[in-house]
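Let me begin by presenting the structure, written as structure tokens, before commenting on it.
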Amino acid sequence: MEEVPHDCPGADSAQAGRGASCQGCPNQRLCASGAGAAPDPAIEEIKEKMKTVKHKILVLSGKGGVGKSTFSAHLAHGLAEDENTQIALLDIDICGPSIPKIMGLEGEQVHQSGSGWSPVYVEDNLGVMSVGFLLSSPDDAVIWRGPKKNGMIKQFLRDVDWGEVDYLIVDTPPGTSDEHLSVVQYLATAHIDGAVIITTPQEVSLQDVRKEINFCHKVKLPIIGVVENMSGFICPKCKKESQIFPPTTGGAEVMCQDLKVPLLGKVPLDPRIGGVVTKASLFWLMPRIHQPHQPTGV
Amino acid sequence: MEAAAEPGNLAGVQHIILVLSGKGGVGKSTISTQLALALRHAGKKVGILDVDLCGPSIPRMLQSQGRAVHQCDSGWVPVFVDQEQSVSLMSVGFLLEKPDEAVVWRGPKKNALIKQFVSDVAWGELDYLVVDTPPGTSDEHMATVEALRPYRPLGALVVTTPQAVSVGDVRRELTFCRKTGLRVMGVVENMSGFTCPHCMECTSIFSSGGGEELARHAGVPFLGSVPLDPELTRSLEEGRDFIQEFPKSPAFPALTSIAQKILDATPACLS
């Protein structure tokens, strides 16, 4: 019976592959060879590349379907309204890349040049990269294990020719796994400004979001704040409010108070927001969020 | 001829159903729990295996958070969520020291735990084992399908919401099913419209029609549309049995109809 090494010493620890808890782990030989201990040369290469990127913001949630990609796309467009600001939007959701659809860029392909991969530009000052642009059909599935996903993320950070960028916004998949660890590790020496965490009001979401907040603390990622999405629904006919995702445990407001993180704003459930980003959806969403690109000084 | 699997802990499990979606937040855990409860109300013994290691939602939905997992000779004893012991559950949620503890594992470690969940949980006699999965087409999904393959699952229920962004991801999940040889029992469309309790106006908050269109495009059965229902959401929050307590609520007919379709599609066992 294969034991799960609950107390895995970590692939980069001195005990890697050698500890008592390593017996029977499928990675024991790899770890014992010391392969995990050597720093990845890509980290330095990415640090160099990121010197032209002033600010980096991750958009996270423990929970799926709360509106990370919708928020990331709107934040990118909102910041790009200032034509003098250069914005980059990177989608590292390898299995479920939503950004091309939300940005109205479905069917676009990525081009390679001497200086690397070119992002797809939706505006002169807003470039986008996603695995979605590398797939030839909407039915193509990316059925990859962790190491291959990590390799893609490394390429996105190292090989995309972003140029001079004021804000790099990184949209992530739900969870606390390979993609999240990789992006934090690869950007570790390049300084991430912080994370915006998206949730919906109900406890089933909050319980996953608390884990995400703990993940941020664990990897020392500053938290810019939390956005509560799908906060109430106003009926377009009678204008009365209903709680479709009821905040049975106090919603994001109570969670933020308990965990001492800022609540940046609440966005209602609105059929006008959630498809492709439009001037209207920007108008309905962005004013509700307080400075999502500004880490508060601690 | 393919060698029969060492039956072990799945020997008493008659039918295995996976609940999948490419997209997060569409209601996989909701559909998994409601399907299990509906099958229970139809007199079946049901187990739920929650392989969402980063975001294990099921314990709370069945008011079982914080319960302890015990060992027996054959392995882990699943947690019974009801007095009659007709619904049992295994989730990583039961193995965490604190409820807010994050499971920050890379693929290989997740794969190892999923293999253990499949082989080392003493399910006993079950009519159905419902396997709830996280969103995506990655380690957890590959590990689960590979570990369950020798036991010939009945198939997969694929959950979507109506809007294009969900359907786009779920198309990829259907490709995953095709590539891994997993039969698709059908598509369920969740969050299909909301009827305002004040004025009865129905709004398609998450667009409309996507699930049925997807099923048609993929040539798989469309099992039904489940509307947004605050009573259902509240039941999940509080760990209540929605199927038992709210038979007049908007989501009830759709959920029980989906369960009936599963029962109808289940081959009779050779005894």
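Lettering and numbering for the structure tokens are positional, with chains as A, B, ... in the shown order, residues counted from 1 in each chain, and ligands counted from 1 in the shown order.
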
Please find the residues of chain A near chain B - the criterion being any atom within 7 Å, counting only C-alpha atoms - and write them as a ChimeraX atom specification. /A:4,62-66,95-96,98,101,138-146,175-178,203-204,207-208,210-212,214-215,235,237-238,244-246,270-271

According to DSSP computed on the backbone, where in segment 25-273 of chain A is there strand (DSSP E)? Give the residues as a PyMOL selection string. chain A and resi 53-60+87-91+111-113+116-118+120-123+126-130+165-171+194-199+223-228+233-234+241-242+263-266

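Shortest atom-to-atom contact with Val110 of chain A among A:Pro236, A:Pro97, A:Gly127, A:Pro26: A:Gly127, counting only C-alpha atoms.
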
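Look at Gln155 of chain A: the protein and nucleic acid residues within 12 Å of it, using only C-alpha atoms and passing over chain neighbours fewer than 2 places away, are Ala42, Ile43, Glu45, Ile46, Lys49, Leu90, Ile92, Gly116, Trp117, Met129, Ser130, Val131, Lys148, Lys149, Asn150, Gly151, Met152, Ile153, Leu157, Arg158, Asp159, Val160, Asp161, Ser182, Val183 and Tyr186 of chain A.
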
Polymer residues at most 6 Å from segment 89-92 of chain B, only C-alpha atoms, same-chain spacing of 5 or more positions, as a PyMOL selection string: chain B and resi 47-50+53+78-79

Using Å and a single decimal, report how far atom CA of Val184 of chain B sits from atom CA of Ile243 of chain B. 24.7 Å

Out of segment 102-255 of chain A, which residues get alpha helix (DSSP H) from DSSP, as a ChimeraX atom specification? /A:102,146-159,178-186,203-218,251-255

Output C-alpha atoms of each residue in that selection to a file, as a PDB file, in the first residue's frame.
```
ATOM      1  CA  ILE A 102     -14.312  37.340 -22.005  1.00  0.00           C
ATOM      2  CA  GLY A 146       1.234  19.422 -12.930  1.00  0.00           C
ATOM      3  CA  PRO A 147       4.813  19.480 -14.303  1.00  0.00           C
ATOM      4  CA  LYS A 148       3.664  20.211 -17.848  1.00  0.00           C
ATOM      5  CA  LYS A 149       1.346  22.991 -16.657  1.00  0.00           C
ATOM      6  CA  ASN A 150       4.260  24.456 -14.704  1.00  0.00           C
ATOM      7  CA  GLY A 151       6.388  24.392 -17.868  1.00  0.00           C
ATOM      8  CA  MET A 152       3.734  26.388 -19.733  1.00  0.00           C
ATOM      9  CA  ILE A 153       3.545  28.986 -16.966  1.00  0.00           C
ATOM     10  CA  LYS A 154       7.342  29.279 -17.002  1.00  0.00           C
ATOM     11  CA  GLN A 155       7.199  29.922 -20.746  1.00  0.00           C
ATOM     12  CA  PHE A 156       4.462  32.512 -20.347  1.00  0.00           C
ATOM     13  CA  LEU A 157       6.590  34.441 -17.865  1.00  0.00           C
ATOM     14  CA  ARG A 158       9.941  33.983 -19.600  1.00  0.00           C
ATOM     15  CA  ASP A 159       9.199  33.870 -23.317  1.00  0.00           C
ATOM     16  CA  ASP A 178       0.659  23.615  -9.110  1.00  0.00           C
ATOM     17  CA  GLU A 179      -0.318  26.770 -11.001  1.00  0.00           C
ATOM     18  CA  HIS A 180      -0.420  28.901  -7.855  1.00  0.00           C
ATOM     19  CA  LEU A 181       2.808  27.537  -6.404  1.00  0.00           C
ATOM     20  CA  SER A 182       4.557  27.912  -9.742  1.00  0.00           C
ATOM     21  CA  VAL A 183       3.547  31.493 -10.445  1.00  0.00           C
ATOM     22  CA  VAL A 184       4.545  32.528  -6.916  1.00  0.00           C
ATOM     23  CA  GLN A 185       7.864  30.682  -7.146  1.00  0.00           C
ATOM     24  CA  TYR A 186       8.739  31.943 -10.616  1.00  0.00           C
ATOM     25  CA  GLU A 203     -20.102  30.002   3.214  1.00  0.00           C
ATOM     26  CA  VAL A 204     -19.473  27.262   0.636  1.00  0.00           C
ATOM     27  CA  SER A 205     -17.279  29.832  -1.182  1.00  0.00           C
ATOM     28  CA  LEU A 206     -15.846  31.494   1.908  1.00  0.00           C
ATOM     29  CA  GLN A 207     -14.567  28.200   3.298  1.00  0.00           C
ATOM     30  CA  ASP A 208     -12.408  27.780   0.186  1.00  0.00           C
ATOM     31  CA  VAL A 209     -11.412  31.450   0.154  1.00  0.00           C
ATOM     32  CA  ARG A 210     -10.126  31.264   3.735  1.00  0.00           C
ATOM     33  CA  LYS A 211      -7.813  28.481   2.536  1.00  0.00           C
ATOM     34  CA  GLU A 212      -6.625  30.742  -0.279  1.00  0.00           C
ATOM     35  CA  ILE A 213      -5.906  33.518   2.226  1.00  0.00           C
ATOM     36  CA  ASN A 214      -3.903  31.009   4.278  1.00  0.00           C
ATOM     37  CA  PHE A 215      -2.055  30.006   1.122  1.00  0.00           C
ATOM     38  CA  CYS A 216      -1.112  33.659   0.594  1.00  0.00           C
ATOM     39  CA  HIS A 217       0.212  33.902   4.147  1.00  0.00           C
ATOM     40  CA  LYS A 218       2.121  30.620   3.715  1.00  0.00           C
ATOM     41  CA  GLY A 251     -20.374  37.119   3.746  1.00  0.00           C
ATOM     42  CA  ALA A 252     -17.026  38.586   2.815  1.00  0.00           C
ATOM     43  CA  GLU A 253     -17.511  41.468   5.246  1.00  0.00           C
ATOM     44  CA  VAL A 254     -17.328  39.258   8.342  1.00  0.00           C
ATOM     45  CA  MET A 255     -14.582  37.077   6.866  1.00  0.00           C
TER      46      MET A 255
END
```

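What separates atom CA of Lys45 of chain B from atom CA of Leu129 of chain B is a distance of 8.8 Å.
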
List the neighbours of Ser257 of chain B out to 12 Å using only C-alpha atoms; skip same-chain residues closer than 2 positions along the sequence, and give me the result as a PDB file with N, CA, C and O atoms, in the first residue's frame.
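Written output follows (around_23.pdb):
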```pdb
ATOM      1  N   GLN B  34     -27.088  16.357  -4.215  1.00  0.00           N
ATOM      2  CA  GLN B  34     -28.529  16.229  -4.443  1.00  0.00           C
ATOM      3  C   GLN B  34     -28.850  14.916  -5.143  1.00  0.00           C
ATOM      4  O   GLN B  34     -29.874  14.284  -4.860  1.00  0.00           O
ATOM      5  N   LEU B  35     -27.992  14.482  -6.043  1.00  0.00           N
ATOM      6  CA  LEU B  35     -28.180  13.190  -6.696  1.00  0.00           C
ATOM      7  C   LEU B  35     -28.114  12.075  -5.650  1.00  0.00           C
ATOM      8  O   LEU B  35     -28.968  11.179  -5.613  1.00  0.00           O
ATOM      9  N   ALA B  38     -31.251  12.177  -3.537  1.00  0.00           N
ATOM     10  CA  ALA B  38     -32.422  11.700  -4.298  1.00  0.00           C
ATOM     11  C   ALA B  38     -32.368  10.183  -4.472  1.00  0.00           C
ATOM     12  O   ALA B  38     -33.388   9.497  -4.358  1.00  0.00           O
ATOM     13  N   LEU B  39     -31.186   9.650  -4.727  1.00  0.00           N
ATOM     14  CA  LEU B  39     -31.059   8.199  -4.864  1.00  0.00           C
ATOM     15  C   LEU B  39     -31.349   7.522  -3.525  1.00  0.00           C
ATOM     16  O   LEU B  39     -31.963   6.460  -3.462  1.00  0.00           O
ATOM     17  N   ALA B  42     -34.859   7.189  -3.033  1.00  0.00           N
ATOM     18  CA  ALA B  42     -35.405   6.123  -3.869  1.00  0.00           C
ATOM     19  C   ALA B  42     -35.023   4.757  -3.314  1.00  0.00           C
ATOM     20  O   ALA B  42     -35.178   3.729  -3.985  1.00  0.00           O
ATOM     21  N   VAL B 188     -25.945  18.141 -17.470  1.00  0.00           N
ATOM     22  CA  VAL B 188     -26.908  18.822 -16.609  1.00  0.00           C
ATOM     23  C   VAL B 188     -26.612  20.305 -16.685  1.00  0.00           C
ATOM     24  O   VAL B 188     -25.459  20.715 -16.523  1.00  0.00           O
ATOM     25  N   PHE B 222     -29.244  15.170 -22.862  1.00  0.00           N
ATOM     26  CA  PHE B 222     -29.412  16.338 -21.991  1.00  0.00           C
ATOM     27  C   PHE B 222     -30.334  15.896 -20.864  1.00  0.00           C
ATOM     28  O   PHE B 222     -31.479  15.502 -21.108  1.00  0.00           O
ATOM     29  N   LEU B 223     -29.828  15.936 -19.641  1.00  0.00           N
ATOM     30  CA  LEU B 223     -30.585  15.368 -18.532  1.00  0.00           C
ATOM     31  C   LEU B 223     -31.531  16.363 -17.859  1.00  0.00           C
ATOM     32  O   LEU B 223     -32.414  15.950 -17.114  1.00  0.00           O
ATOM     33  N   GLY B 224     -31.300  17.655 -18.098  1.00  0.00           N
ATOM     34  CA  GLY B 224     -32.237  18.606 -17.502  1.00  0.00           C
ATOM     35  C   GLY B 224     -31.584  19.896 -17.070  1.00  0.00           C
ATOM     36  O   GLY B 224     -30.355  20.003 -16.989  1.00  0.00           O
ATOM     37  N   SER B 225     -32.456  20.888 -16.786  1.00  0.00           N
ATOM     38  CA  SER B 225     -32.009  22.215 -16.337  1.00  0.00           C
ATOM     39  C   SER B 225     -32.452  22.432 -14.910  1.00  0.00           C
ATOM     40  O   SER B 225     -33.639  22.273 -14.612  1.00  0.00           O
ATOM     41  N   VAL B 226     -31.545  22.818 -14.048  1.00  0.00           N
ATOM     42  CA  VAL B 226     -31.869  23.089 -12.655  1.00  0.00           C
ATOM     43  C   VAL B 226     -31.839  24.597 -12.452  1.00  0.00           C
ATOM     44  O   VAL B 226     -30.823  25.232 -12.701  1.00  0.00           O
ATOM     45  N   ILE B 243     -33.904  17.629  -0.674  1.00  0.00           N
ATOM     46  CA  ILE B 243     -34.855  16.745  -1.352  1.00  0.00           C
ATOM     47  C   ILE B 243     -35.990  16.366  -0.401  1.00  0.00           C
ATOM     48  O   ILE B 243     -37.157  16.278  -0.784  1.00  0.00           O
ATOM     49  N   ALA B 251     -36.151  23.992  -7.619  1.00  0.00           N
ATOM     50  CA  ALA B 251     -35.138  23.060  -8.132  1.00  0.00           C
ATOM     51  C   ALA B 251     -35.537  21.600  -7.949  1.00  0.00           C
ATOM     52  O   ALA B 251     -34.954  20.705  -8.563  1.00  0.00           O
ATOM     53  N   PHE B 252     -36.532  21.322  -7.096  1.00  0.00           N
ATOM     54  CA  PHE B 252     -36.875  19.940  -6.759  1.00  0.00           C
ATOM     55  C   PHE B 252     -37.256  19.084  -7.969  1.00  0.00           C
ATOM     56  O   PHE B 252     -36.718  17.991  -8.162  1.00  0.00           O
ATOM     57  N   PRO B 253     -38.196  19.548  -8.821  1.00  0.00           N
ATOM     58  CA  PRO B 253     -38.589  18.681  -9.944  1.00  0.00           C
ATOM     59  C   PRO B 253     -37.404  18.315 -10.843  1.00  0.00           C
ATOM     60  O   PRO B 253     -37.267  17.158 -11.246  1.00  0.00           O
ATOM     61  N   ALA B 254     -36.543  19.292 -11.128  1.00  0.00           N
ATOM     62  CA  ALA B 254     -35.408  19.024 -12.028  1.00  0.00           C
ATOM     63  C   ALA B 254     -34.454  18.013 -11.401  1.00  0.00           C
ATOM     64  O   ALA B 254     -33.999  17.079 -12.050  1.00  0.00           O
ATOM     65  N   LEU B 255     -34.159  18.180 -10.120  1.00  0.00           N
ATOM     66  CA  LEU B 255     -33.191  17.298  -9.464  1.00  0.00           C
ATOM     67  C   LEU B 255     -33.717  15.872  -9.382  1.00  0.00           C
ATOM     68  O   LEU B 255     -32.990  14.909  -9.625  1.00  0.00           O
ATOM     69  N   ALA B 259     -32.257  12.374 -11.179  1.00  0.00           N
ATOM     70  CA  ALA B 259     -31.992  11.132 -10.442  1.00  0.00           C
ATOM     71  C   ALA B 259     -32.754   9.975 -11.064  1.00  0.00           C
ATOM     72  O   ALA B 259     -32.220   8.862 -11.204  1.00  0.00           O
ATOM     73  N   GLN B 260     -33.991  10.229 -11.475  1.00  0.00           N
ATOM     74  CA  GLN B 260     -34.801   9.170 -12.092  1.00  0.00           C
ATOM     75  C   GLN B 260     -34.173   8.696 -13.390  1.00  0.00           C
ATOM     76  O   GLN B 260     -34.158   7.497 -13.700  1.00  0.00           O
ATOM     77  N   LYS B 261     -33.624   9.650 -14.150  1.00  0.00           N
ATOM     78  CA  LYS B 261     -32.973   9.284 -15.413  1.00  0.00           C
ATOM     79  C   LYS B 261     -31.751   8.399 -15.142  1.00  0.00           C
ATOM     80  O   LYS B 261     -31.461   7.478 -15.908  1.00  0.00           O
ATOM     81  N   ILE B 262     -31.032   8.700 -14.066  1.00  0.00           N
ATOM     82  CA  ILE B 262     -29.883   7.871 -13.700  1.00  0.00           C
ATOM     83  C   ILE B 262     -30.347   6.466 -13.334  1.00  0.00           C
ATOM     84  O   ILE B 262     -29.778   5.462 -13.764  1.00  0.00           O
ATOM     85  N   LEU B 263     -31.419   6.395 -12.537  1.00  0.00           N
ATOM     86  CA  LEU B 263     -31.962   5.084 -12.154  1.00  0.00           C
ATOM     87  C   LEU B 263     -32.389   4.310 -13.392  1.00  0.00           C
ATOM     88  O   LEU B 263     -32.105   3.120 -13.528  1.00  0.00           O
ATOM     89  N   ASP B 264     -33.048   4.996 -14.335  1.00  0.00           N
ATOM     90  CA  ASP B 264     -33.514   4.336 -15.557  1.00  0.00           C
ATOM     91  C   ASP B 264     -32.354   3.863 -16.414  1.00  0.00           C
ATOM     92  O   ASP B 264     -32.464   2.861 -17.124  1.00  0.00           O
TER      93      ASP B 264
END
```

Do a neighbour search on Ala88 of chain A at 7 Å with only C-alpha atoms, toss out local chain neighbours closer than 6 positions, and write the hits as a PDB file with N, CA, C and O atoms, in the first residue's frame.
```pdb
ATOM      1  N   LEU A 126      -3.172  47.255 -24.319  1.00  0.00           N
ATOM      2  CA  LEU A 126      -3.656  46.112 -23.528  1.00  0.00           C
ATOM      3  C   LEU A 126      -3.369  44.820 -24.284  1.00  0.00           C
ATOM      4  O   LEU A 126      -4.041  44.490 -25.261  1.00  0.00           O
ATOM      5  N   GLY A 127      -2.331  44.088 -23.796  1.00  0.00           N
ATOM      6  CA  GLY A 127      -1.944  42.822 -24.418  1.00  0.00           C
ATOM      7  C   GLY A 127      -2.366  41.650 -23.556  1.00  0.00           C
ATOM      8  O   GLY A 127      -2.384  41.742 -22.327  1.00  0.00           O
ATOM      9  N   VAL A 128      -2.717  40.543 -24.206  1.00  0.00           N
ATOM     10  CA  VAL A 128      -3.283  39.392 -23.506  1.00  0.00           C
ATOM     11  C   VAL A 128      -2.542  38.123 -23.918  1.00  0.00           C
ATOM     12  O   VAL A 128      -2.182  37.948 -25.087  1.00  0.00           O
ATOM     13  N   VAL A 165       5.705  47.429 -19.355  1.00  0.00           N
ATOM     14  CA  VAL A 165       4.341  47.243 -18.850  1.00  0.00           C
ATOM     15  C   VAL A 165       4.194  47.945 -17.504  1.00  0.00           C
ATOM     16  O   VAL A 165       5.072  47.839 -16.650  1.00  0.00           O
ATOM     17  N   TYR A 167       1.190  47.532 -15.549  1.00  0.00           N
ATOM     18  CA  TYR A 167       0.506  46.537 -14.707  1.00  0.00           C
ATOM     19  C   TYR A 167       0.395  45.205 -15.433  1.00  0.00           C
ATOM     20  O   TYR A 167      -0.126  45.149 -16.550  1.00  0.00           O
ATOM     21  N   LEU A 168       0.901  44.142 -14.797  1.00  0.00           N
ATOM     22  CA  LEU A 168       0.671  42.770 -15.274  1.00  0.00           C
ATOM     23  C   LEU A 168      -0.368  42.154 -14.338  1.00  0.00           C
ATOM     24  O   LEU A 168      -0.144  42.073 -13.128  1.00  0.00           O
ATOM     25  N   ILE A 169      -1.503  41.773 -14.918  1.00  0.00           N
ATOM     26  CA  ILE A 169      -2.551  41.134 -14.113  1.00  0.00           C
ATOM     27  C   ILE A 169      -2.564  39.665 -14.481  1.00  0.00           C
ATOM     28  O   ILE A 169      -2.620  39.299 -15.659  1.00  0.00           O
TER      29      ILE A 169
END
```

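Counting from atom CA of Thr33 of chain B, the distance to atom CA of Val13 of chain B is 17.6 Å.
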
Name the residues in contact with Leu154 of chain B at a cut-off of 10 Å, using only C-alpha atoms, excluding same-chain residues fewer than 6 positions from it; report them as a count of residues only. 15
